[in-house]
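Source file data-v2.cif; content: mmCIF, C-alpha atoms.
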data_final
#
loop_
_atom_site.group_PDB
_atom_site.id
_atom_site.type_symbol
_atom_site.label_atom_id
_atom_site.label_comp_id
_atom_site.auth_asym_id
_atom_site.auth_seq_id
_atom_site.Cartn_x
_atom_site.Cartn_y
_atom_site.Cartn_z
ATOM 1 C CA MET A 62 0.000 0.000 0.000
ATOM 2 C CA ASP A 63 1.071 3.621 -0.597
ATOM 3 C CA GLY A 64 3.082 5.058 2.249
ATOM 4 C CA GLU A 65 3.504 1.660 3.928
ATOM 5 C CA ARG A 66 7.106 1.012 4.881
ATOM 6 C CA GLN A 67 8.538 -2.395 5.639
ATOM 7 C CA VAL A 68 10.583 -2.471 8.832
ATOM 8 C CA GLU A 69 13.426 -4.969 8.997
ATOM 9 C CA ARG A 70 14.168 -6.593 12.322
ATOM 10 C CA VAL A 71 17.821 -6.669 13.350
ATOM 11 C CA VAL A 72 18.679 -8.852 16.338
ATOM 12 C CA VAL A 73 22.064 -8.379 17.992
ATOM 13 C CA LEU A 74 23.461 -11.369 19.871
ATOM 14 C CA ALA A 75 25.591 -10.481 22.895
ATOM 15 C CA LEU A 76 27.927 -13.191 24.179
ATOM 16 C CA ASP A 77 30.040 -13.242 27.340
ATOM 17 C CA GLY A 78 33.075 -11.009 26.914
ATOM 18 C CA VAL A 79 31.300 -8.698 24.470
ATOM 19 C CA TYR A 80 32.896 -5.350 23.642
ATOM 20 C CA PRO A 81 30.385 -2.636 24.648
ATOM 21 C CA PHE A 82 31.404 -0.347 21.783
ATOM 22 C CA GLU A 83 30.807 -2.953 19.088
ATOM 23 C CA LEU A 84 27.583 -4.113 20.761
ATOM 24 C CA GLY A 85 26.154 -0.613 20.377
ATOM 25 C CA ILE A 86 27.080 -0.093 16.715
ATOM 26 C CA PRO A 87 24.020 -1.767 15.115
ATOM 27 C CA SER A 88 21.572 0.172 17.280
ATOM 28 C CA ARG A 89 23.353 3.455 16.546
ATOM 29 C CA ILE A 90 23.595 2.970 12.758
ATOM 30 C CA PHE A 91 20.326 1.180 12.005
ATOM 31 C CA GLY A 92 18.503 3.313 14.559
ATOM 32 C CA ALA A 93 19.367 6.409 12.524
ATOM 33 C CA ALA A 94 17.856 5.019 9.308
ATOM 34 C CA ASP A 95 14.466 6.786 9.385
ATOM 35 C CA GLY A 96 12.622 3.924 11.049
ATOM 36 C CA ARG A 97 13.587 1.352 8.409
ATOM 37 C CA TYR A 98 14.976 -1.020 11.034
ATOM 38 C CA GLU A 99 13.968 -2.303 14.446
ATOM 39 C CA VAL A 100 16.975 -3.281 16.566
ATOM 40 C CA LEU A 101 16.665 -5.742 19.454
ATOM 41 C CA THR A 102 19.392 -7.255 21.628
ATOM 42 C CA CYS A 103 19.471 -10.748 23.110
ATOM 43 C CA SER A 104 21.721 -13.188 24.928
ATOM 44 C CA VAL A 105 21.844 -16.963 24.653
ATOM 45 C CA ASP A 106 19.761 -17.382 27.805
ATOM 46 C CA GLY A 107 18.052 -14.035 28.327
ATOM 47 C CA ARG A 108 20.325 -13.219 31.246
ATOM 48 C CA PRO A 109 22.848 -10.356 31.579
ATOM 49 C CA VAL A 110 26.219 -10.915 29.927
ATOM 50 C CA ARG A 111 29.686 -10.064 31.132
ATOM 51 C CA SER A 112 31.297 -7.406 28.998
ATOM 52 C CA ASN A 113 34.976 -7.039 28.178
ATOM 53 C CA ALA A 114 34.911 -3.928 30.358
ATOM 54 C CA ASP A 115 34.300 -3.722 34.106
ATOM 55 C CA PHE A 116 30.504 -3.972 33.946
ATOM 56 C CA THR A 117 27.738 -6.386 33.072
ATOM 57 C CA ILE A 118 25.165 -5.684 30.370
ATOM 58 C CA GLY A 119 21.488 -6.456 30.804
ATOM 59 C CA VAL A 120 19.467 -7.426 27.717
ATOM 60 C CA GLU A 121 15.730 -7.418 27.112
ATOM 61 C CA HIS A 122 15.412 -10.671 25.165
ATOM 62 C CA GLY A 123 16.362 -14.331 25.134
ATOM 63 C CA PRO A 124 17.447 -16.466 22.166
ATOM 64 C CA GLU A 125 13.891 -17.056 20.942
ATOM 65 C CA ILE A 126 13.924 -13.599 19.354
ATOM 66 C CA LEU A 127 16.601 -14.806 16.880
ATOM 67 C CA ALA A 128 13.945 -16.790 15.013
ATOM 68 C CA THR A 129 12.171 -13.536 14.130
ATOM 69 C CA ALA A 130 15.250 -11.728 12.779
ATOM 70 C CA ASP A 131 15.732 -10.599 9.203
ATOM 71 C CA THR A 132 19.349 -9.795 10.097
ATOM 72 C CA VAL A 133 21.393 -11.218 12.980
ATOM 73 C CA VAL A 134 24.492 -9.384 14.162
ATOM 74 C CA VAL A 135 26.950 -11.183 16.420
ATOM 75 C CA ALA A 136 28.969 -8.624 18.359
ATOM 76 C CA SER A 137 32.698 -9.096 18.976
ATOM 77 C CA VAL A 138 34.203 -10.513 22.147
ATOM 78 C CA GLY A 139 37.560 -10.047 23.849
ATOM 79 C CA VAL A 140 40.331 -12.416 22.800
ATOM 80 C CA PRO A 141 40.252 -14.413 26.070
ATOM 81 C CA TYR A 142 36.586 -15.163 25.354
ATOM 82 C CA ILE A 143 37.071 -16.415 21.781
ATOM 83 C CA PRO A 144 35.815 -20.000 21.881
ATOM 84 C CA GLU A 145 37.591 -22.943 20.290
ATOM 85 C CA GLU A 146 34.337 -24.854 20.557
ATOM 86 C CA LEU A 147 30.899 -23.330 20.945
ATOM 87 C CA SER A 148 28.901 -24.060 24.066
ATOM 88 C CA ALA A 149 25.638 -25.958 23.720
ATOM 89 C CA GLU A 150 23.759 -22.743 24.517
ATOM 90 C CA VAL A 151 25.452 -20.806 21.718
ATOM 91 C CA VAL A 152 24.880 -23.647 19.249
ATOM 92 C CA ALA A 153 21.202 -23.802 20.210
ATOM 93 C CA ALA A 154 20.865 -20.034 19.877
ATOM 94 C CA LEU A 155 22.437 -19.956 16.410
ATOM 95 C CA ALA A 156 20.227 -22.853 15.318
ATOM 96 C CA ARG A 157 17.200 -20.585 15.813
ATOM 97 C CA ILE A 158 18.305 -18.268 12.983
ATOM 98 C CA ARG A 159 16.142 -18.610 9.871
ATOM 99 C CA PRO A 160 17.904 -20.091 6.814
ATOM 100 C CA ASP A 161 17.160 -16.951 4.786
ATOM 101 C CA ALA A 162 18.300 -14.468 7.452
ATOM 102 C CA ARG A 163 21.322 -12.268 6.860
ATOM 103 C CA ILE A 164 24.135 -12.922 9.380
ATOM 104 C CA VAL A 165 26.788 -10.351 10.294
ATOM 105 C CA SER A 166 29.860 -10.674 12.498
ATOM 106 C CA ILE A 167 31.741 -7.746 13.947
ATOM 107 C CA CYS A 168 35.488 -8.209 14.465
ATOM 108 C CA THR A 169 36.299 -11.367 16.482
ATOM 109 C CA ALA A 170 32.716 -12.654 16.199
ATOM 110 C CA ALA A 171 33.905 -14.212 12.927
ATOM 111 C CA PHE A 172 35.369 -16.938 15.165
ATOM 112 C CA VAL A 173 31.838 -17.718 16.368
ATOM 113 C CA LEU A 174 30.479 -18.015 12.841
ATOM 114 C CA ALA A 175 33.449 -20.124 11.761
ATOM 115 C CA ALA A 176 33.118 -22.457 14.757
ATOM 116 C CA ALA A 177 29.472 -22.931 13.794
ATOM 117 C CA GLY A 178 30.498 -23.932 10.252
ATOM 118 C CA LEU A 179 28.790 -20.902 8.721
ATOM 119 C CA LEU A 180 31.964 -19.682 6.985
ATOM 120 C CA ASP A 181 33.122 -22.984 5.485
ATOM 121 C CA GLY A 182 34.213 -22.417 1.903
ATOM 122 C CA ARG A 183 33.528 -18.695 2.160
ATOM 123 C CA ARG A 184 35.683 -15.595 2.058
ATOM 124 C CA ALA A 185 35.721 -13.705 5.376
ATOM 125 C CA THR A 186 37.662 -11.234 7.483
ATOM 126 C CA THR A 187 38.306 -10.424 11.110
ATOM 127 C CA HIS A 188 40.666 -8.177 13.083
ATOM 128 C CA TRP A 189 44.128 -8.258 11.485
ATOM 129 C CA HIS A 190 45.735 -8.971 14.868
ATOM 130 C CA VAL A 191 44.090 -12.416 15.124
ATOM 131 C CA THR A 192 44.045 -13.516 11.477
ATOM 132 C CA ASP A 193 46.916 -15.983 11.972
ATOM 133 C CA LEU A 194 45.030 -17.637 14.820
ATOM 134 C CA PHE A 195 41.899 -17.695 12.673
ATOM 135 C CA ARG A 196 43.728 -19.348 9.782
ATOM 136 C CA ARG A 197 45.159 -22.047 12.039
ATOM 137 C CA ARG A 198 41.770 -22.878 13.500
ATOM 138 C CA TYR A 199 39.698 -22.605 10.334
ATOM 139 C CA PRO A 200 41.778 -23.438 7.243
ATOM 140 C CA GLN A 201 38.548 -24.087 5.342
ATOM 141 C CA VAL A 202 37.779 -20.342 5.412
ATOM 142 C CA GLU A 203 39.446 -17.928 2.966
ATOM 143 C CA VAL A 204 40.617 -15.073 5.188
ATOM 144 C CA ASP A 205 41.287 -11.599 3.803
ATOM 145 C CA PRO A 206 43.052 -9.573 6.523
ATOM 146 C CA ASP A 207 43.262 -6.344 4.517
ATOM 147 C CA VAL A 208 39.634 -5.367 3.954
ATOM 148 C CA LEU A 209 37.165 -3.595 6.240
ATOM 149 C CA PHE A 210 34.403 -6.097 5.549
ATOM 150 C CA VAL A 211 33.445 -8.996 3.294
ATOM 151 C CA HIS A 212 29.970 -9.500 1.828
ATOM 152 C CA ASP A 213 29.609 -13.128 0.772
ATOM 153 C CA GLY A 214 26.019 -14.024 -0.005
ATOM 154 C CA ARG A 215 23.864 -13.764 3.089
ATOM 155 C CA ILE A 216 26.874 -13.595 5.428
ATOM 156 C CA LEU A 217 28.937 -10.496 6.120
ATOM 157 C CA THR A 218 32.071 -10.355 8.249
ATOM 158 C CA SER A 219 33.826 -7.178 9.334
ATOM 159 C CA ALA A 220 37.297 -6.340 10.577
ATOM 160 C CA GLY A 221 38.337 -4.687 13.819
ATOM 161 C CA ALA A 222 36.142 -2.519 16.032
ATOM 162 C CA ALA A 223 34.886 0.477 14.023
ATOM 163 C CA SER A 224 34.636 -1.665 10.902
ATOM 164 C CA GLY A 225 31.265 -2.624 12.364
ATOM 165 C CA VAL A 226 30.174 0.877 11.392
ATOM 166 C CA ASP A 227 31.350 0.282 7.821
ATOM 167 C CA VAL A 228 29.491 -3.001 7.432
ATOM 168 C CA CYS A 229 26.273 -1.628 8.944
ATOM 169 C CA LEU A 230 26.377 1.382 6.609
ATOM 170 C CA HIS A 231 27.010 -1.026 3.732
ATOM 171 C CA ILE A 232 23.839 -2.905 4.682
ATOM 172 C CA VAL A 233 21.814 0.309 4.763
ATOM 173 C CA ARG A 234 23.285 1.264 1.381
ATOM 174 C CA THR A 235 22.499 -2.180 -0.048
ATOM 175 C CA ASP A 236 18.948 -2.178 1.318
ATOM 176 C CA HIS A 237 17.920 1.427 0.720
ATOM 177 C CA GLY A 238 20.516 3.191 -1.425
ATOM 178 C CA SER A 239 23.336 5.675 -0.943
ATOM 179 C CA GLU A 240 21.118 8.644 -0.091
ATOM 180 C CA LEU A 241 19.831 7.078 3.121
ATOM 181 C CA ALA A 242 23.235 5.584 3.986
ATOM 182 C CA ASN A 243 24.859 9.003 3.576
ATOM 183 C CA ALA A 244 22.171 10.591 5.739
ATOM 184 C CA VAL A 245 22.778 7.998 8.457
ATOM 185 C CA ALA A 246 26.519 8.653 8.280
ATOM 186 C CA ARG A 247 25.976 12.389 8.678
ATOM 187 C CA ARG A 248 23.724 11.872 11.687
ATOM 188 C CA CYS A 249 26.274 9.606 13.313
ATOM 189 C CA VAL A 250 29.182 11.902 12.301
ATOM 190 C CA VAL A 251 31.114 9.127 10.543
ATOM 191 C CA PRO A 252 32.415 8.802 6.963
ATOM 192 C CA PRO A 253 29.761 7.325 4.656
ATOM 193 C CA PHE A 254 32.456 5.203 3.060
ATOM 194 C CA ARG A 255 36.047 4.614 4.093
ATOM 195 C CA ASP A 256 38.486 4.089 1.234
ATOM 196 C CA GLY A 257 40.805 1.116 1.435
ATOM 197 C CA GLY A 258 41.024 -1.556 4.098
ATOM 198 C CA GLN A 259 42.507 -2.221 7.486
ATOM 199 C CA ALA A 260 45.952 -2.789 5.944
ATOM 200 C CA GLN A 261 46.497 0.963 5.988
ATOM 201 C CA TYR A 262 46.309 0.924 9.796
ATOM 202 C CA ILE A 263 48.798 -1.910 10.315
ATOM 203 C CA GLU A 264 52.355 -0.891 11.124
ATOM 204 C CA GLN A 265 55.003 -2.533 8.948
ATOM 205 C CA PRO A 266 58.270 -2.156 10.860
ATOM 206 C CA VAL A 267 61.616 -2.399 9.120
ATOM 207 C CA PRO A 268 63.532 -5.547 10.213
ATOM 208 C CA GLU A 269 65.990 -4.810 13.015
ATOM 209 C CA SER A 270 69.478 -3.963 11.859
ATOM 210 C CA GLY A 271 70.982 -6.431 14.316
ATOM 211 C CA ALA A 272 69.826 -9.428 12.305
ATOM 212 C CA ALA A 273 72.690 -11.425 10.801
ATOM 213 C CA GLY A 274 73.397 -11.880 7.132
ATOM 214 C CA THR A 275 71.648 -9.245 5.030
ATOM 215 C CA ALA A 276 70.940 -6.642 7.732
ATOM 216 C CA ALA A 277 73.791 -4.337 6.725
ATOM 217 C CA THR A 278 72.659 -4.428 3.109
ATOM 218 C CA ARG A 279 69.093 -3.627 4.103
ATOM 219 C CA ALA A 280 70.325 -0.611 6.074
ATOM 220 C CA TRP A 281 72.446 0.445 3.092
ATOM 221 C CA ALA A 282 69.463 0.110 0.761
ATOM 222 C CA LEU A 283 67.207 2.179 3.014
ATOM 223 C CA GLU A 284 69.598 5.102 2.585
ATOM 224 C CA ARG A 285 69.334 4.766 -1.211
ATOM 225 C CA LEU A 286 65.667 4.121 -1.878
ATOM 226 C CA ASP A 287 65.658 6.883 -4.491
ATOM 227 C CA GLU A 288 68.197 4.945 -6.559
ATOM 228 C CA PRO A 289 67.308 2.171 -9.074
ATOM 229 C CA LEU A 290 68.596 -0.660 -6.870
ATOM 230 C CA THR A 291 68.760 -4.126 -8.404
ATOM 231 C CA LEU A 292 69.219 -7.581 -6.934
ATOM 232 C CA THR A 293 72.749 -7.494 -8.365
ATOM 233 C CA ASP A 294 73.478 -4.258 -6.471
ATOM 234 C CA LEU A 295 72.210 -5.729 -3.206
ATOM 235 C CA ALA A 296 74.062 -9.008 -3.590
ATOM 236 C CA ALA A 297 77.286 -7.193 -4.486
ATOM 237 C CA HIS A 298 77.031 -5.046 -1.357
ATOM 238 C CA ALA A 299 76.480 -8.166 0.767
ATOM 239 C CA ARG A 300 79.369 -9.909 -1.059
ATOM 240 C CA MET A 301 77.206 -12.896 -1.888
ATOM 241 C CA SER A 302 76.129 -14.636 -5.043
ATOM 242 C CA LEU A 303 72.692 -13.698 -6.348
ATOM 243 C CA ARG A 304 71.243 -17.084 -5.402
ATOM 244 C CA THR A 305 72.721 -17.116 -1.890
ATOM 245 C CA PHE A 306 71.680 -13.546 -1.195
ATOM 246 C CA ALA A 307 68.115 -14.086 -2.397
ATOM 247 C CA ARG A 308 67.741 -17.244 -0.315
ATOM 248 C CA ARG A 309 69.251 -15.731 2.843
ATOM 249 C CA PHE A 310 67.262 -12.528 2.429
ATOM 250 C CA ASN A 311 63.999 -14.445 2.166
ATOM 251 C CA ASP A 312 64.911 -16.595 5.180
ATOM 252 C CA GLU A 313 65.618 -13.528 7.313
ATOM 253 C CA VAL A 314 62.890 -11.184 6.143
ATOM 254 C CA GLY A 315 60.170 -13.461 4.795
ATOM 255 C CA LEU A 316 60.045 -11.543 1.510
ATOM 256 C CA SER A 317 62.014 -11.480 -1.698
ATOM 257 C CA PRO A 318 64.428 -8.535 -2.050
ATOM 258 C CA GLY A 319 62.227 -7.020 -4.748
ATOM 259 C CA ARG A 320 59.048 -7.188 -2.678
ATOM 260 C CA TRP A 321 60.891 -5.840 0.353
ATOM 261 C CA LEU A 322 62.153 -2.847 -1.633
ATOM 262 C CA ILE A 323 58.627 -2.074 -2.818
ATOM 263 C CA GLN A 324 57.337 -2.351 0.753
ATOM 264 C CA GLN A 325 59.989 0.060 2.035
ATOM 265 C CA ARG A 326 59.336 2.514 -0.787
ATOM 266 C CA VAL A 327 55.617 2.439 -0.125
ATOM 267 C CA GLY A 328 56.304 2.963 3.580
ATOM 268 C CA ARG A 329 58.533 5.959 2.847
ATOM 269 C CA ALA A 330 55.922 7.351 0.482
ATOM 270 C CA ARG A 331 53.245 7.037 3.182
ATOM 271 C CA HIS A 332 55.463 8.993 5.564
ATOM 272 C CA LEU A 333 56.002 11.768 3.008
ATOM 273 C CA LEU A 334 52.301 11.927 2.173
ATOM 274 C CA GLU A 335 51.517 12.416 5.858
ATOM 275 C CA SER A 336 54.335 14.800 6.729
ATOM 276 C CA SER A 337 54.985 16.917 3.618
ATOM 277 C CA ASP A 338 53.240 18.889 0.900
ATOM 278 C CA LEU A 339 55.364 17.417 -1.890
ATOM 279 C CA PRO A 340 53.457 16.591 -5.088
ATOM 280 C CA VAL A 341 52.801 12.914 -5.698
ATOM 281 C CA ASP A 342 55.142 12.810 -8.694
ATOM 282 C CA ARG A 343 57.959 14.272 -6.589
ATOM 283 C CA ILE A 344 57.354 11.781 -3.789
ATOM 284 C CA ALA A 345 57.537 8.985 -6.354
ATOM 285 C CA ILE A 346 61.020 10.140 -7.372
ATOM 286 C CA GLU A 347 62.120 10.571 -3.736
ATOM 287 C CA VAL A 348 61.247 6.969 -2.886
ATOM 288 C CA GLY A 349 62.505 5.314 -6.039
ATOM 289 C CA PHE A 350 59.392 4.802 -8.127
ATOM 290 C CA ALA A 351 59.914 5.897 -11.706
ATOM 291 C CA THR A 352 56.640 7.785 -12.028
ATOM 292 C CA GLY A 353 53.661 8.998 -10.042
ATOM 293 C CA ALA A 354 51.602 6.364 -11.825
ATOM 294 C CA SER A 355 53.920 3.653 -10.478
ATOM 295 C CA LEU A 356 53.546 5.026 -6.948
ATOM 296 C CA ARG A 357 49.762 5.078 -7.302
ATOM 297 C CA GLN A 358 49.755 1.486 -8.510
ATOM 298 C CA HIS A 359 51.951 0.181 -5.694
ATOM 299 C CA LEU A 360 50.205 2.171 -2.950
ATOM 300 C CA HIS A 361 46.806 0.973 -4.100
ATOM 301 C CA ALA A 362 48.041 -2.622 -4.254
ATOM 302 C CA ALA A 363 49.452 -2.345 -0.733
ATOM 303 C CA ILE A 364 46.666 -0.536 1.133
ATOM 304 C CA GLY A 365 43.821 -0.074 -1.318
ATOM 305 C CA VAL A 366 43.797 3.712 -1.621
ATOM 306 C CA SER A 367 45.249 6.393 -3.868
ATOM 307 C CA PRO A 368 47.962 8.804 -2.645
ATOM 308 C CA GLN A 369 45.436 11.653 -2.619
ATOM 309 C CA VAL A 370 42.959 9.727 -0.469
ATOM 310 C CA TYR A 371 45.712 8.585 1.889
ATOM 311 C CA ARG A 372 47.058 12.107 2.299
ATOM 312 C CA ARG A 373 43.579 13.563 2.821
ATOM 313 C CA THR A 374 42.743 11.002 5.489
ATOM 314 C CA PHE A 375 45.909 11.236 7.548
ATOM 315 C CA ARG A 376 46.721 14.904 7.048
ATOM 316 C CA ALA A 377 43.189 15.771 8.178
ATOM 317 C CA ALA A 378 43.733 13.690 11.294
ATOM 318 C CA GLY A 379 46.991 15.532 11.950
ATOM 319 C CA VAL A 380 45.322 18.934 11.550
ATOM 320 C CA ARG A 381 42.624 17.928 14.047
ATOM 321 C CA GLN A 382 45.250 16.786 16.538
ATOM 322 C CA ARG A 383 47.297 19.969 16.161
ATOM 323 C CA SER A 384 44.179 22.136 16.464
ATOM 324 C CA GLY A 385 43.213 20.292 19.621
ATOM 325 C CA ARG A 386 46.643 20.903 21.144
ATOM 326 C CA ARG A 387 46.453 24.602 20.286
ATOM 327 C CA LEU A 388 43.037 24.874 21.907
ATOM 328 C CA GLN A 389 44.292 23.149 25.051
ATOM 329 C CA ALA A 390 47.290 25.447 25.239
ATOM 330 C CA SER A 391 45.319 28.678 24.734
#
Any chance you could give the structure as structure tokens?
Amino acid sequence: MDGERQVERVVVLALDGVYPFELGIPSRIFGAADGRYEVLTCSVDGRPVRSNADFTIGVEHGPEILATADTVVVASVGVPYIPEELSAEVVAALARIRPDARIVSICTAAFVLAAAGLLDGRRATTHWHVTDLFRRRYPQVEVDPDVLFVHDGRILTSAGAASGVDVCLHIVRTDHGSELANAVARRCVVPPFRDGGQAQYIEQPVPESGAAGTAATRAWALERLDEPLTLTDLAAHARMSLRTFARRFNDEVGLSPGRWLIQQRVGRARHLLESSDLPVDRIAIEVGFATGASLRQHLHAAIGVSPQVYRRTFRAAGVRQRSGRRLQAS
């Protein structure tokens, strides 16, 4: 009928050890979507749950409400609470979810979905800090540690913490279009869409110079990133054959010399984008990429964003921090 609006029911499942911030994301995002969603929160037994903070959270509903959900969101839990095997109560609760319901995990809740077999043969993500643990436990799941979220059929998984905001906005955008999703983002004072993935927030430290073998050559190369260094140049500096140097380098660093050089050049470029006003083409020359186009290609391959987007994101953050310090000092 004209003017009649369908309201989708979103049920958020809170487990012991839940992060309060992530638990509140669905209510905050979907609750700002002009009444298009109804958000309810439950536990596996209807009782309060221990949070990962120093307080307990009371919920209004038990697991029976999961059977009425159009979308189920499982909120993340602290690492000590990540289960290797699901309890009978959690298994019973998840079994109530309708076969056609959309299922969403925030951060470490991907472990819950994987333990339930819901991610078998699927692509998924979780917080980058625990992806190695996830891979060891669930080799049948294709893990992508670089993205903010993965949408695979009726199941969506998101990366660390605030990535829950990204996946919830994605759902609003998928269900009702960009106009409503952008309006929700404005109301919640968050970006409507974050470029790139969580790889841009992961530190990539340079191997320590004390490591034996190729360490001195790595330090030498870091002082000459603007030069067209070749494997022959590196091996000659280390006084090794090409084959020996390549093998020892990979053993010590876990990367080939060529990939390592690209990683260091991208890292240097990121620093210059954050700390200087140099044009992109000039930064490319400073870090050893032949052209600005080459820098754009390698930066996008590494962290999923263009130099302009990266600079805008991190320079804006720096301006806000500096402005805050000036206000505090005045």
Evaluate the PyMOL selection byres ((chain A and resi 142) around 10) and report residues as an mmCIF file with C-alpha atoms, in the frame of the given file:
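In the end it all went to selection-v3.cif:
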data_model
loop_
_atom_site.group_PDB
_atom_site.id
_atom_site.type_symbol
_atom_site.label_atom_id
_atom_site.label_comp_id
_atom_site.auth_asym_id
_atom_site.auth_seq_id
_atom_site.Cartn_x
_atom_site.Cartn_y
_atom_site.Cartn_z
ATOM 1 C CA LEU A 76 27.927 -13.191 24.179
ATOM 2 C CA ASP A 77 30.040 -13.242 27.340
ATOM 3 C CA GLY A 78 33.075 -11.009 26.914
ATOM 4 C CA VAL A 79 31.300 -8.698 24.470
ATOM 5 C CA ASN A 113 34.976 -7.039 28.178
ATOM 6 C CA SER A 137 32.698 -9.096 18.976
ATOM 7 C CA VAL A 138 34.203 -10.513 22.147
ATOM 8 C CA GLY A 139 37.560 -10.047 23.849
ATOM 9 C CA VAL A 140 40.331 -12.416 22.800
ATOM 10 C CA PRO A 141 40.252 -14.413 26.070
ATOM 11 C CA ILE A 143 37.071 -16.415 21.781
ATOM 12 C CA PRO A 144 35.815 -20.000 21.881
ATOM 13 C CA GLU A 145 37.591 -22.943 20.290
ATOM 14 C CA THR A 169 36.299 -11.367 16.482
#
Residue neighbourhood Val151 (chain A), 10 Å, all atoms listed in the file, exclusion window fewer than 2 positions, as a compact mmCIF listing (two decimals) with C-alpha atoms, in the frame of the given file:
# COMPACT_ATOMS: atom_id res chain seq x y z
CA LEU A 74 23.46 -11.37 19.87
CA LEU A 76 27.93 -13.19 24.18
CA SER A 104 21.72 -13.19 24.93
CA VAL A 105 21.84 -16.96 24.65
CA ASP A 106 19.76 -17.38 27.80
CA PRO A 124 17.45 -16.47 22.17
CA GLU A 146 34.34 -24.85 20.56
CA LEU A 147 30.90 -23.33 20.94
CA SER A 148 28.90 -24.06 24.07
CA ALA A 149 25.64 -25.96 23.72
CA ALA A 153 21.20 -23.80 20.21
CA ALA A 154 20.86 -20.03 19.88
CA LEU A 155 22.44 -19.96 16.41
CA ALA A 156 20.23 -22.85 15.32
CA VAL A 173 31.84 -17.72 16.37
CA ALA A 177 29.47 -22.93 13.79
Quiz prompt | Matched chain/residue IDs from the PyMOL selection byres ((chain A and resi 353) around 12), as a list in words | solution =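 Output of the PyMOL selection byres ((chain A and resi 353) around 12): Ala330, Leu339, Pro340, Val341, Asp342, Arg343, Ile344, Ala345, Ile346, Glu347, Val348, Gly349, Phe350, Ala351, Thr352, Ala354, Ser355, Leu356, Arg357, Gln358, His359, Leu360, Ser367, Pro368 and Gln369 of chain A.
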Quiz item: Taking only C-alpha atoms into account, which of A:Arg157, A:Arg373, A:Arg326, A:His212 comes nearest Val228 (chain A)?
Solution: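 Ranked by minimum distance to Val228 (chain A), first place goes to A:His212.
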Practice problem: Determine, counting all atoms listed in the file, which protein, DNA and RNA residues have an atom within 10 Å of an atom of Leu322 (chain A); residues of the same chain fewer than 3 positions away are not included. Present the result as a PyMOL selection string. | Solution: chain A and resi 279+282-283+286+290-291+316-319+325-328+348-349
Quiz item: What is the distance between CA of Val73 (chain A) and CA of Ala242 (chain A), in Å to one decimal?
Solution: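 Between CA of Val73 (chain A) and CA of Ala242 (chain A) the gap is 19.8 Å.
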Quiz prompt | Option closest in space to Leu295 (chain A), from A:Phe172, A:Trp321, A:Phe82, A:Phe91 [counting all atoms listed in the file] | solution =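 Counting all atoms listed in the file, the residue closest to Leu295 (chain A) is A:Trp321.
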Exercise. Spell out the residues picked by the PyMOL selection byres ((chain A and resi 231) around 12) here, as a PyMOL selection string.
Key: chain A and resi 87+90-91+165+209-212+217-219+224-230+232-243+245-246+252-255
Selection: 10 Å around Thr293 (chain A), all atoms listed in the file, excl. self and same-chain fewer than 4 positions, as an mmCIF file with C-alpha atoms, in the coordinates of the input:
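Written output follows (part-v4.cif):
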data_model
loop_
_atom_site.group_PDB
_atom_site.id
_atom_site.type_symbol
_atom_site.label_atom_id
_atom_site.label_comp_id
_atom_site.auth_asym_id
_atom_site.auth_seq_id
_atom_site.Cartn_x
_atom_site.Cartn_y
_atom_site.Cartn_z
ATOM 1 C CA ALA A 297 77.286 -7.193 -4.486
ATOM 2 C CA HIS A 298 77.031 -5.046 -1.357
ATOM 3 C CA ALA A 299 76.480 -8.166 0.767
ATOM 4 C CA MET A 301 77.206 -12.896 -1.888
ATOM 5 C CA SER A 302 76.129 -14.636 -5.043
ATOM 6 C CA LEU A 303 72.692 -13.698 -6.348
ATOM 7 C CA PHE A 306 71.680 -13.546 -1.195
#
Quiz prompt | Minimum-distance residue to Val202 (chain A), chosen among A:Leu84, A:Ala244, A:Cys168, A:Leu174 (using all atoms listed in the file) | solution =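 Selected residue with least distance to Val202 (chain A): A:Leu174.
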Quiz item: For Tyr80 (chain A), which residue among A:Thr186, A:Gln67, A:Thr117, A:Thr275 is the nearest when counting all atoms listed in the file?
Solution: A:Thr117
Practice problem: Name the residues in contact with Val72 (chain A) at a cut-off of 12 Å, using all atoms listed in the file, excluding same-chain residues fewer than 2 positions from it; report them as number ranges by chain. | Solution: A: 69-70, 74-75, 84-85, 87-88, 91, 98-104, 120-136, 154-155, 157-159, 162-166
